[in-house]
file target-v9.pdb (PDB, C-alpha atoms, pLDDT in the B column)
ATOM      1  CA  MET A1383     157.163 219.793 -84.012  1.00 49.00           C
ATOM      2  CA  LYS A1384     157.123 219.218 -80.252  1.00 56.00           C
ATOM      3  CA  LYS A1385     158.230 215.852 -78.904  1.00 63.00           C
ATOM      4  CA  LYS A1386     155.741 213.826 -76.902  1.00 69.00           C
ATOM      5  CA  GLN A1387     156.640 213.876 -73.207  1.00 77.00           C
ATOM      6  CA  LEU A1388     157.637 210.498 -71.824  1.00 81.00           C
ATOM      7  CA  SER A1389     155.702 208.959 -68.970  1.00 85.00           C
ATOM      8  CA  SER A1390     157.428 208.109 -65.686  1.00 87.00           C
ATOM      9  CA  ALA A1391     157.292 204.414 -66.541  1.00 91.00           C
ATOM     10  CA  GLN A1392     158.931 205.047 -69.918  1.00 91.00           C
ATOM     11  CA  ILE A1393     161.634 207.154 -68.286  1.00 92.00           C
ATOM     12  CA  VAL A1394     162.341 204.452 -65.697  1.00 93.00           C
ATOM     13  CA  ALA A1395     162.570 201.802 -68.428  1.00 94.00           C
ATOM     14  CA  ARG A1396     164.972 203.929 -70.483  1.00 93.00           C
ATOM     15  CA  LEU A1397     167.143 204.719 -67.474  1.00 95.00           C
ATOM     16  CA  GLU A1398     167.284 201.085 -66.384  1.00 95.00           C
ATOM     17  CA  ASP A1399     168.361 200.092 -69.889  1.00 95.00           C
ATOM     18  CA  LEU A1400     171.001 202.833 -69.906  1.00 94.00           C
ATOM     19  CA  CYS A1401     172.332 201.825 -66.491  1.00 95.00           C
ATOM     20  CA  VAL A1402     172.563 198.186 -67.524  1.00 95.00           C
ATOM     21  CA  ARG A1403     174.705 199.138 -70.532  1.00 96.00           C
ATOM     22  CA  SER A1404     177.092 201.524 -68.734  1.00 94.00           C
ATOM     23  CA  GLU A1405     177.772 203.121 -65.372  1.00 95.00           C
ATOM     24  CA  GLN A1406     175.918 206.408 -64.874  1.00 96.00           C
ATOM     25  CA  SER A1407     176.057 209.076 -62.208  1.00 96.00           C
ATOM     26  CA  VAL A1408     172.974 210.374 -60.422  1.00 96.00           C
ATOM     27  CA  PHE A1409     173.708 213.838 -61.868  1.00 97.00           C
ATOM     28  CA  ASP A1410     173.768 212.481 -65.449  1.00 95.00           C
ATOM     29  CA  LEU A1411     170.463 210.688 -64.907  1.00 96.00           C
ATOM     30  CA  ARG A1412     168.846 213.824 -63.503  1.00 95.00           C
ATOM     31  CA  GLN A1413     169.911 215.725 -66.618  1.00 94.00           C
ATOM     32  CA  LYS A1414     168.481 213.046 -68.881  1.00 93.00           C
ATOM     33  CA  ILE A1415     165.190 213.067 -66.997  1.00 93.00           C
ATOM     34  CA  SER A1416     165.008 216.822 -67.389  1.00 91.00           C
ATOM     35  CA  ARG A1417     165.758 216.614 -71.132  1.00 90.00           C
ATOM     36  CA  TRP A1418     163.000 214.050 -71.511  1.00 89.00           C
ATOM     37  CA  GLY A1419     160.515 216.577 -70.199  1.00 87.00           C
ATOM     38  CA  LEU A1420     159.866 215.543 -66.605  1.00 86.00           C
ATOM     39  CA  THR A1421     159.928 218.760 -64.581  1.00 84.00           C
ATOM     40  CA  ASP A1422     158.476 217.583 -61.259  1.00 89.00           C
ATOM     41  CA  PRO A1423     161.397 217.387 -58.795  1.00 92.00           C
ATOM     42  CA  MET A1424     159.488 215.049 -56.477  1.00 94.00           C
ATOM     43  CA  GLU A1425     158.887 212.572 -59.307  1.00 93.00           C
ATOM     44  CA  THR A1426     162.520 212.871 -60.396  1.00 94.00           C
ATOM     45  CA  ASP A1427     163.677 212.117 -56.844  1.00 95.00           C
ATOM     46  CA  ARG A1428     161.311 209.131 -56.664  1.00 96.00           C
ATOM     47  CA  ILE A1429     162.702 207.718 -59.926  1.00 95.00           C
ATOM     48  CA  ILE A1430     166.330 208.248 -58.884  1.00 96.00           C
ATOM     49  CA  ASP A1431     165.731 206.778 -55.414  1.00 96.00           C
ATOM     50  CA  GLY A1432     164.147 203.717 -57.018  1.00 96.00           C
ATOM     51  CA  LEU A1433     167.148 203.236 -59.296  1.00 96.00           C
ATOM     52  CA  ILE A1434     169.510 203.582 -56.334  1.00 96.00           C
ATOM     53  CA  ASP A1435     167.479 201.113 -54.221  1.00 96.00           C
ATOM     54  CA  ARG A1436     167.546 198.554 -57.045  1.00 96.00           C
ATOM     55  CA  ARG A1437     171.304 199.198 -57.498  1.00 96.00           C
ATOM     56  CA  PHE A1438     171.025 200.398 -61.088  1.00 96.00           C
ATOM     57  CA  VAL A1439     172.985 203.500 -60.162  1.00 96.00           C
ATOM     58  CA  ASP A1440     175.703 204.084 -57.577  1.00 96.00           C
ATOM     59  CA  ASP A1441     177.944 207.170 -57.622  1.00 96.00           C
ATOM     60  CA  SER A1442     180.779 205.296 -55.924  1.00 97.00           C
ATOM     61  CA  ARG A1443     180.708 202.540 -58.534  1.00 97.00           C
ATOM     62  CA  PHE A1444     180.452 205.175 -61.281  1.00 97.00           C
ATOM     63  CA  ALA A1445     183.474 207.058 -59.907  1.00 97.00           C
ATOM     64  CA  ARG A1446     185.635 203.911 -59.831  1.00 97.00           C
ATOM     65  CA  ALA A1447     184.674 203.007 -63.410  1.00 96.00           C
ATOM     66  CA  TYR A1448     185.233 206.586 -64.574  1.00 97.00           C
ATOM     67  CA  VAL A1449     188.709 206.694 -63.013  1.00 97.00           C
ATOM     68  CA  ARG A1450     189.671 203.317 -64.490  1.00 95.00           C
ATOM     69  CA  ASP A1451     188.476 204.201 -67.983  1.00 94.00           C
ATOM     70  CA  LYS A1452     189.916 207.693 -68.111  1.00 95.00           C
ATOM     71  CA  TYR A1453     193.397 206.851 -66.902  1.00 92.00           C
ATOM     72  CA  ARG A1454     193.763 203.549 -68.761  1.00 90.00           C
ATOM     73  CA  PHE A1455     192.090 204.239 -72.076  1.00 92.00           C
ATOM     74  CA  ASP A1456     192.067 208.031 -72.452  1.00 93.00           C
ATOM     75  CA  ARG A1457     195.324 208.484 -70.509  1.00 93.00           C
ATOM     76  CA  TRP A1458     193.989 211.358 -68.457  1.00 96.00           C
ATOM     77  CA  GLY A1459     195.838 212.631 -65.426  1.00 97.00           C
ATOM     78  CA  ARG A1460     194.398 212.821 -61.927  1.00 97.00           C
ATOM     79  CA  MET A1461     193.587 216.524 -62.143  1.00 97.00           C
ATOM     80  CA  LYS A1462     191.435 216.149 -65.265  1.00 97.00           C
ATOM     81  CA  ILE A1463     189.724 213.077 -63.817  1.00 98.00           C
ATOM     82  CA  ILE A1464     188.932 214.987 -60.624  1.00 97.00           C
ATOM     83  CA  ARG A1465     187.473 217.888 -62.614  1.00 97.00           C
ATOM     84  CA  GLY A1466     185.287 215.466 -64.582  1.00 97.00           C
ATOM     85  CA  LEU A1467     183.944 213.854 -61.432  1.00 98.00           C
ATOM     86  CA  ILE A1468     183.340 217.188 -59.719  1.00 97.00           C
ATOM     87  CA  ALA A1469     181.400 218.313 -62.791  1.00 97.00           C
ATOM     88  CA  ARG A1470     179.148 215.279 -62.243  1.00 96.00           C
ATOM     89  CA  ARG A1471     178.604 216.314 -58.614  1.00 96.00           C
ATOM     90  CA  ILE A1472     180.456 213.327 -57.139  1.00 97.00           C
ATOM     91  CA  PRO A1473     181.404 214.032 -53.477  1.00 97.00           C
ATOM     92  CA  ARG A1474     185.124 214.589 -52.829  1.00 97.00           C
ATOM     93  CA  PRO A1475     185.501 211.615 -50.415  1.00 97.00           C
ATOM     94  CA  THR A1476     184.071 209.341 -53.119  1.00 97.00           C
ATOM     95  CA  ILE A1477     186.491 210.825 -55.660  1.00 97.00           C
ATOM     96  CA  ASP A1478     189.461 210.289 -53.344  1.00 97.00           C
ATOM     97  CA  GLU A1479     188.434 206.690 -52.759  1.00 97.00           C
ATOM     98  CA  ALA A1480     188.103 206.045 -56.502  1.00 97.00           C
ATOM     99  CA  LEU A1481     191.503 207.617 -57.233  1.00 97.00           C
ATOM    100  CA  GLU A1482     193.157 205.043 -54.962  1.00 95.00           C
ATOM    101  CA  GLU A1483     192.595 202.487 -57.734  1.00 91.00           C
ATOM    102  CA  ILE A1484     195.192 204.189 -59.919  1.00 94.00           C
ATOM    103  CA  ASP A1485     198.427 202.221 -60.083  1.00 93.00           C
ATOM    104  CA  ASN A1486     201.168 204.844 -59.693  1.00 94.00           C
ATOM    105  CA  ARG A1487     203.629 202.996 -61.953  1.00 94.00           C
ATOM    106  CA  GLU A1488     201.113 202.604 -64.752  1.00 93.00           C
ATOM    107  CA  TYR A1489     200.034 206.218 -64.273  1.00 95.00           C
ATOM    108  CA  ALA A1490     203.592 207.547 -64.626  1.00 94.00           C
ATOM    109  CA  LEU A1491     204.159 205.277 -67.619  1.00 94.00           C
ATOM    110  CA  ASN A1492     201.023 206.658 -69.298  1.00 94.00           C
ATOM    111  CA  CYS A1493     202.305 210.192 -68.813  1.00 95.00           C
ATOM    112  CA  TYR A1494     205.766 209.256 -70.088  1.00 94.00           C
ATOM    113  CA  ARG A1495     204.322 207.610 -73.210  1.00 93.00           C
ATOM    114  CA  LEU A1496     202.200 210.675 -73.901  1.00 94.00           C
ATOM    115  CA  LEU A1497     205.250 212.898 -73.531  1.00 95.00           C
ATOM    116  CA  CYS A1498     207.296 210.665 -75.855  1.00 92.00           C
ATOM    117  CA  SER A1499     204.550 210.703 -78.450  1.00 92.00           C
ATOM    118  CA  ARG A1500     204.200 214.455 -78.249  1.00 94.00           C
ATOM    119  CA  ARG A1501     207.990 214.940 -78.264  1.00 91.00           C
ATOM    120  CA  ARG A1502     208.212 213.198 -81.654  1.00 91.00           C
ATOM    121  CA  GLN A1503     205.781 215.795 -83.039  1.00 93.00           C
ATOM    122  CA  ILE A1504     207.977 218.733 -82.023  1.00 91.00           C
ATOM    123  CA  PRO A1505     210.493 219.650 -84.738  1.00 92.00           C
ATOM    124  CA  ASP A1506     214.179 219.470 -83.780  1.00 88.00           C
ATOM    125  CA  SER A1507     214.492 223.115 -84.824  1.00 92.00           C
ATOM    126  CA  VAL A1508     212.474 224.196 -81.772  1.00 91.00           C
ATOM    127  CA  GLU A1509     214.615 225.533 -78.924  1.00 92.00           C
ATOM    128  CA  PRO A1510     214.956 223.015 -76.045  1.00 89.00           C
ATOM    129  CA  HIS A1511     213.352 225.423 -73.558  1.00 91.00           C
ATOM    130  CA  ASP A1512     210.349 225.956 -75.857  1.00 94.00           C
ATOM    131  CA  ALA A1513     210.049 222.216 -76.473  1.00 92.00           C
ATOM    132  CA  ARG A1514     209.970 221.580 -72.713  1.00 93.00           C
ATOM    133  CA  GLN A1515     207.328 224.273 -72.277  1.00 95.00           C
ATOM    134  CA  ARG A1516     205.183 222.707 -74.999  1.00 95.00           C
ATOM    135  CA  LEU A1517     205.453 219.296 -73.358  1.00 95.00           C
ATOM    136  CA  MET A1518     204.606 220.727 -69.952  1.00 95.00           C
ATOM    137  CA  ARG A1519     201.529 222.519 -71.265  1.00 97.00           C
ATOM    138  CA  PHE A1520     200.433 219.405 -73.147  1.00 97.00           C
ATOM    139  CA  ALA A1521     200.731 217.101 -70.133  1.00 97.00           C
ATOM    140  CA  ALA A1522     199.130 219.660 -67.811  1.00 97.00           C
ATOM    141  CA  ALA A1523     196.178 219.964 -70.196  1.00 97.00           C
ATOM    142  CA  ARG A1524     195.789 216.182 -69.972  1.00 97.00           C
ATOM    143  CA  GLY A1525     195.539 216.569 -66.198  1.00 97.00           C
ATOM    144  CA  TYR A1526     198.933 215.384 -64.993  1.00 97.00           C
ATOM    145  CA  GLU A1527     200.546 216.909 -61.934  1.00 97.00           C
ATOM    146  CA  LEU A1528     203.371 219.385 -62.500  1.00 96.00           C
ATOM    147  CA  SER A1529     205.788 217.483 -60.234  1.00 95.00           C
ATOM    148  CA  LEU A1530     205.391 214.301 -62.319  1.00 96.00           C
ATOM    149  CA  ILE A1531     205.656 216.200 -65.604  1.00 95.00           C
ATOM    150  CA  VAL A1532     208.879 217.936 -64.567  1.00 94.00           C
ATOM    151  CA  ARG A1533     210.408 214.671 -63.325  1.00 93.00           C
ATOM    152  CA  LEU A1534     209.626 212.918 -66.615  1.00 93.00           C
ATOM    153  CA  ILE A1535     210.707 215.791 -68.852  1.00 92.00           C
ATOM    154  CA  GLU A1536     214.125 215.716 -67.193  1.00 89.00           C
ATOM    155  CA  LYS A1537     214.726 212.150 -68.396  1.00 82.00           C
ATOM    156  CA  LYS A1538     217.414 212.161 -71.076  1.00 76.00           C
ATOM    157  CA  ARG A1539     215.747 209.213 -72.805  1.00 78.00           C
ATOM    158  CA  LEU A1540     212.817 211.478 -73.715  1.00 78.00           C
ATOM    159  CA  TRP A1541     215.178 213.717 -75.638  1.00 78.00           C
ATOM    160  CA  GLY A1542     216.888 210.947 -77.588  1.00 71.00           C
ATOM    161  CA  ASN A1543     219.810 210.343 -75.226  1.00 53.00           C
ATOM    162  CA  SER A1544     220.064 206.716 -74.168  1.00 43.00           C
ATOM    163  CA  THR A1545     222.189 207.365 -71.067  1.00 40.00           C
ATOM    164  CA  ASP A1546     219.157 207.653 -68.718  1.00 42.00           C
TER
END

call {"tool": "encode", "arguments": {"input": "target-v9.pdb", "output": "structure tokens"}}
result
Amino acid sequence: MKKKQLSSAQIVARLEDLCVRSEQSVFDLRQKISRWGLTDPMETDRIIDGLIDRRFVDDSRFARAYVRDKYRFDRWGRMKIIRGLIARRIPRPTIDEALEEIDNREYALNCYRLLCSRRRQIPDSVEPHDARQRLMRFAAARGYELSLIVRLIEKKRLWGNSTD
């Protein structure tokens, strides 16, 4: 059974409602419009331009919210956040501006807490070198920079020594 195609007015109403509830990127909205069956690029541009003019959508605002949410709640590193924003077609200058909102102390603490949590899951029987490699791969997969990971892995406190 084929779904009934939405009219432009219905699409605008749905997008406005969506944008009121959460920040959206222009790219995400274009994908939604396409999924809802509107194939005319001129009409899509008109809808998006209208949403931008009425300030329902703003890629800069979206990027700042995305950065805040991903590093505070999901504990993602900068590299993973950047990849997520690039995938949503956010321009690099906008990404760089949004990344400035990250508090470096809180960021390093997030990474350290993730490493501590993961360290507790590694059995003591695992060789120290292998344990370090596992932690490095884990933190890198979460998007943290190698220089930060190495600096934190070297802390004796992470390995159960209280002298650091």

call {"tool": "closest_atom_pairs", "arguments": {"input": "target-v9.pdb", "of": "region 1426-1509 of chain A", "to": "region 1534-1544 of chain A", "cutoff": "12 Å", "atoms": "only C-alpha atoms", "output": "CSV"}}
result
residue,atom,partner,partner_atom,distance
A:Tyr1489,CA,A:Leu1534,CA,11.9
A:Ala1490,CA,A:Leu1534,CA,8.3
A:Leu1491,CA,A:Leu1534,CA,9.4
A:Asn1492,CA,A:Leu1534,CA,11.0
A:Cys1493,CA,A:Leu1534,CA,8.1
A:Tyr1494,CA,A:Leu1534,CA,6.4
A:Arg1495,CA,A:Leu1540,CA,9.3
A:Leu1496,CA,A:Leu1534,CA,10.6
A:Leu1497,CA,A:Leu1540,CA,7.7
A:Cys1498,CA,A:Leu1540,CA,6.0
A:Ser1499,CA,A:Leu1540,CA,9.6
A:Arg1500,CA,A:Leu1540,CA,10.2
A:Arg1501,CA,A:Leu1540,CA,7.5
A:Arg1502,CA,A:Trp1541,CA,9.2
A:Ile1504,CA,A:Trp1541,CA,10.9
A:Pro1505,CA,A:Trp1541,CA,11.8
A:Asp1506,CA,A:Trp1541,CA,10.0

call {"tool": "residues_around", "arguments": {"input": "target-v9.pdb", "residues": "Arg1443 (chain A)", "least_positions_apart": "6", "cutoff": "10 Å", "atoms": "all atoms listed in the file", "output": "mmCIF file with C-alpha atoms, in the coordinates of the input"}}
result
data_model
loop_
_atom_site.group_PDB
_atom_site.id
_atom_site.type_symbol
_atom_site.label_atom_id
_atom_site.label_comp_id
_atom_site.auth_asym_id
_atom_site.auth_seq_id
_atom_site.Cartn_x
_atom_site.Cartn_y
_atom_site.Cartn_z
ATOM 1 C CA GLU A 1405 177.772 203.121 -65.372
ATOM 2 C CA GLN A 1406 175.918 206.408 -64.874
ATOM 3 C CA SER A 1407 176.057 209.076 -62.208
ATOM 4 C CA THR A 1476 184.071 209.341 -53.119
ATOM 5 C CA ALA A 1480 188.103 206.045 -56.502
#

call {"tool": "atom_distance", "arguments": {"input": "target-v9.pdb", "atom1": "CA of Met1461 (chain A)", "atom2": "CA of Glu1527 (chain A)"}}
result
7.0 Å

call {"tool": "residues_around", "arguments": {"input": "target-v9.pdb", "residues": "Glu1483 (chain A)", "least_positions_apart": "4", "cutoff": "10 Å", "atoms": "all atoms listed in the file", "output": "list of chain:residue names"}}
result
A:Arg1446, A:Ala1447, A:Val1449, A:Arg1450, A:Asp1478, A:Glu1479

call {"tool": "atom_distance", "arguments": {"input": "target-v9.pdb", "atom1": "CA of Gln1387 (chain A)", "atom2": "CA of Arg1436 (chain A)"}}
result
24.8 Å

call {"tool": "decode", "arguments": {"input": "target-v9.pdb", "residues": "region 1436-1457 of chain A", "atoms": "N, CA, C and O atoms", "output": "mmCIF file, in the first residue's frame"}}
result
data_model
loop_
_atom_site.group_PDB
_atom_site.id
_atom_site.type_symbol
_atom_site.label_atom_id
_atom_site.label_comp_id
_atom_site.auth_asym_id
_atom_site.auth_seq_id
_atom_site.Cartn_x
_atom_site.Cartn_y
_atom_site.Cartn_z
ATOM 1 N N ARG A 1436 12.396 32.290 8.933
ATOM 2 C CA ARG A 1436 11.594 32.380 10.160
ATOM 3 C C ARG A 1436 12.336 31.824 11.374
ATOM 4 O O ARG A 1436 11.763 31.668 12.437
ATOM 5 N N ARG A 1437 13.633 31.521 11.190
ATOM 6 C CA ARG A 1437 14.543 31.076 12.244
ATOM 7 C C ARG A 1437 14.139 29.755 12.904
ATOM 8 O O ARG A 1437 14.475 29.500 14.051
ATOM 9 N N PHE A 1438 13.443 28.908 12.175
ATOM 10 C CA PHE A 1438 13.145 27.573 12.677
ATOM 11 C C PHE A 1438 14.386 26.695 12.608
ATOM 12 O O PHE A 1438 14.552 25.790 13.412
ATOM 13 N N VAL A 1439 15.224 26.963 11.631
ATOM 14 C CA VAL A 1439 16.426 26.153 11.438
ATOM 15 C C VAL A 1439 17.626 27.067 11.220
ATOM 16 O O VAL A 1439 17.515 28.100 10.562
ATOM 17 N N ASP A 1440 18.749 26.671 11.829
ATOM 18 C CA ASP A 1440 19.990 27.431 11.715
ATOM 19 C C ASP A 1440 21.126 26.435 11.947
ATOM 20 O O ASP A 1440 21.240 25.866 13.040
ATOM 21 N N ASP A 1441 21.949 26.210 10.930
ATOM 22 C CA ASP A 1441 23.019 25.214 11.044
ATOM 23 C C ASP A 1441 24.029 25.569 12.135
ATOM 24 O O ASP A 1441 24.573 24.683 12.791
ATOM 25 N N SER A 1442 24.267 26.837 12.359
ATOM 26 C CA SER A 1442 25.193 27.248 13.405
ATOM 27 C C SER A 1442 24.628 26.893 14.782
ATOM 28 O O SER A 1442 25.343 26.359 15.641
ATOM 29 N N ARG A 1443 23.385 27.187 14.988
ATOM 30 C CA ARG A 1443 22.714 26.853 16.253
ATOM 31 C C ARG A 1443 22.669 25.333 16.439
ATOM 32 O O ARG A 1443 22.905 24.817 17.533
ATOM 33 N N PHE A 1444 22.381 24.612 15.342
ATOM 34 C CA PHE A 1444 22.352 23.152 15.398
ATOM 35 C C PHE A 1444 23.724 22.610 15.796
ATOM 36 O O PHE A 1444 23.832 21.726 16.658
ATOM 37 N N ALA A 1445 24.784 23.141 15.185
ATOM 38 C CA ALA A 1445 26.135 22.655 15.466
ATOM 39 C C ALA A 1445 26.500 22.860 16.933
ATOM 40 O O ALA A 1445 27.072 21.963 17.567
ATOM 41 N N ARG A 1446 26.178 24.019 17.492
ATOM 42 C CA ARG A 1446 26.474 24.273 18.908
ATOM 43 C C ARG A 1446 25.721 23.309 19.810
ATOM 44 O O ARG A 1446 26.287 22.749 20.755
ATOM 45 N N ALA A 1447 24.448 23.071 19.526
ATOM 46 C CA ALA A 1447 23.651 22.142 20.333
ATOM 47 C C ALA A 1447 24.179 20.714 20.195
ATOM 48 O O ALA A 1447 24.260 19.966 21.176
ATOM 49 N N TYR A 1448 24.546 20.335 18.986
ATOM 50 C CA TYR A 1448 25.072 19.000 18.724
ATOM 51 C C TYR A 1448 26.364 18.773 19.521
ATOM 52 O O TYR A 1448 26.529 17.747 20.183
ATOM 53 N N VAL A 1449 27.260 19.747 19.465
ATOM 54 C CA VAL A 1449 28.527 19.644 20.199
ATOM 55 C C VAL A 1449 28.260 19.510 21.688
ATOM 56 O O VAL A 1449 28.801 18.625 22.354
ATOM 57 N N ARG A 1450 27.419 20.389 22.231
ATOM 58 C CA ARG A 1450 27.110 20.358 23.662
ATOM 59 C C ARG A 1450 26.552 19.001 24.084
ATOM 60 O O ARG A 1450 26.993 18.400 25.061
ATOM 61 N N ASP A 1451 25.561 18.521 23.344
ATOM 62 C CA ASP A 1451 24.918 17.259 23.701
ATOM 63 C C ASP A 1451 25.864 16.073 23.587
ATOM 64 O O ASP A 1451 25.891 15.201 24.458
ATOM 65 N N LYS A 1452 26.625 16.026 22.520
ATOM 66 C CA LYS A 1452 27.469 14.853 22.289
ATOM 67 C C LYS A 1452 28.635 14.780 23.260
ATOM 68 O O LYS A 1452 29.016 13.696 23.681
ATOM 69 N N TYR A 1453 29.211 15.901 23.644
ATOM 70 C CA TYR A 1453 30.351 15.787 24.549
ATOM 71 C C TYR A 1453 29.913 15.715 26.006
ATOM 72 O O TYR A 1453 30.569 15.054 26.806
ATOM 73 N N ARG A 1454 28.781 16.301 26.347
ATOM 74 C CA ARG A 1454 28.329 16.245 27.741
ATOM 75 C C ARG A 1454 27.566 14.969 28.063
ATOM 76 O O ARG A 1454 27.794 14.351 29.097
ATOM 77 N N PHE A 1455 26.646 14.598 27.220
ATOM 78 C CA PHE A 1455 25.771 13.473 27.543
ATOM 79 C C PHE A 1455 26.261 12.139 26.972
ATOM 80 O O PHE A 1455 26.195 11.114 27.638
ATOM 81 N N ASP A 1456 26.749 12.152 25.745
ATOM 82 C CA ASP A 1456 27.209 10.911 25.116
ATOM 83 C C ASP A 1456 28.709 10.696 25.300
ATOM 84 O O ASP A 1456 29.224 9.638 24.960
ATOM 85 N N ARG A 1457 29.388 11.725 25.819
ATOM 86 C CA ARG A 1457 30.827 11.682 26.071
ATOM 87 C C ARG A 1457 31.633 11.334 24.817
ATOM 88 O O ARG A 1457 32.551 10.528 24.860
#
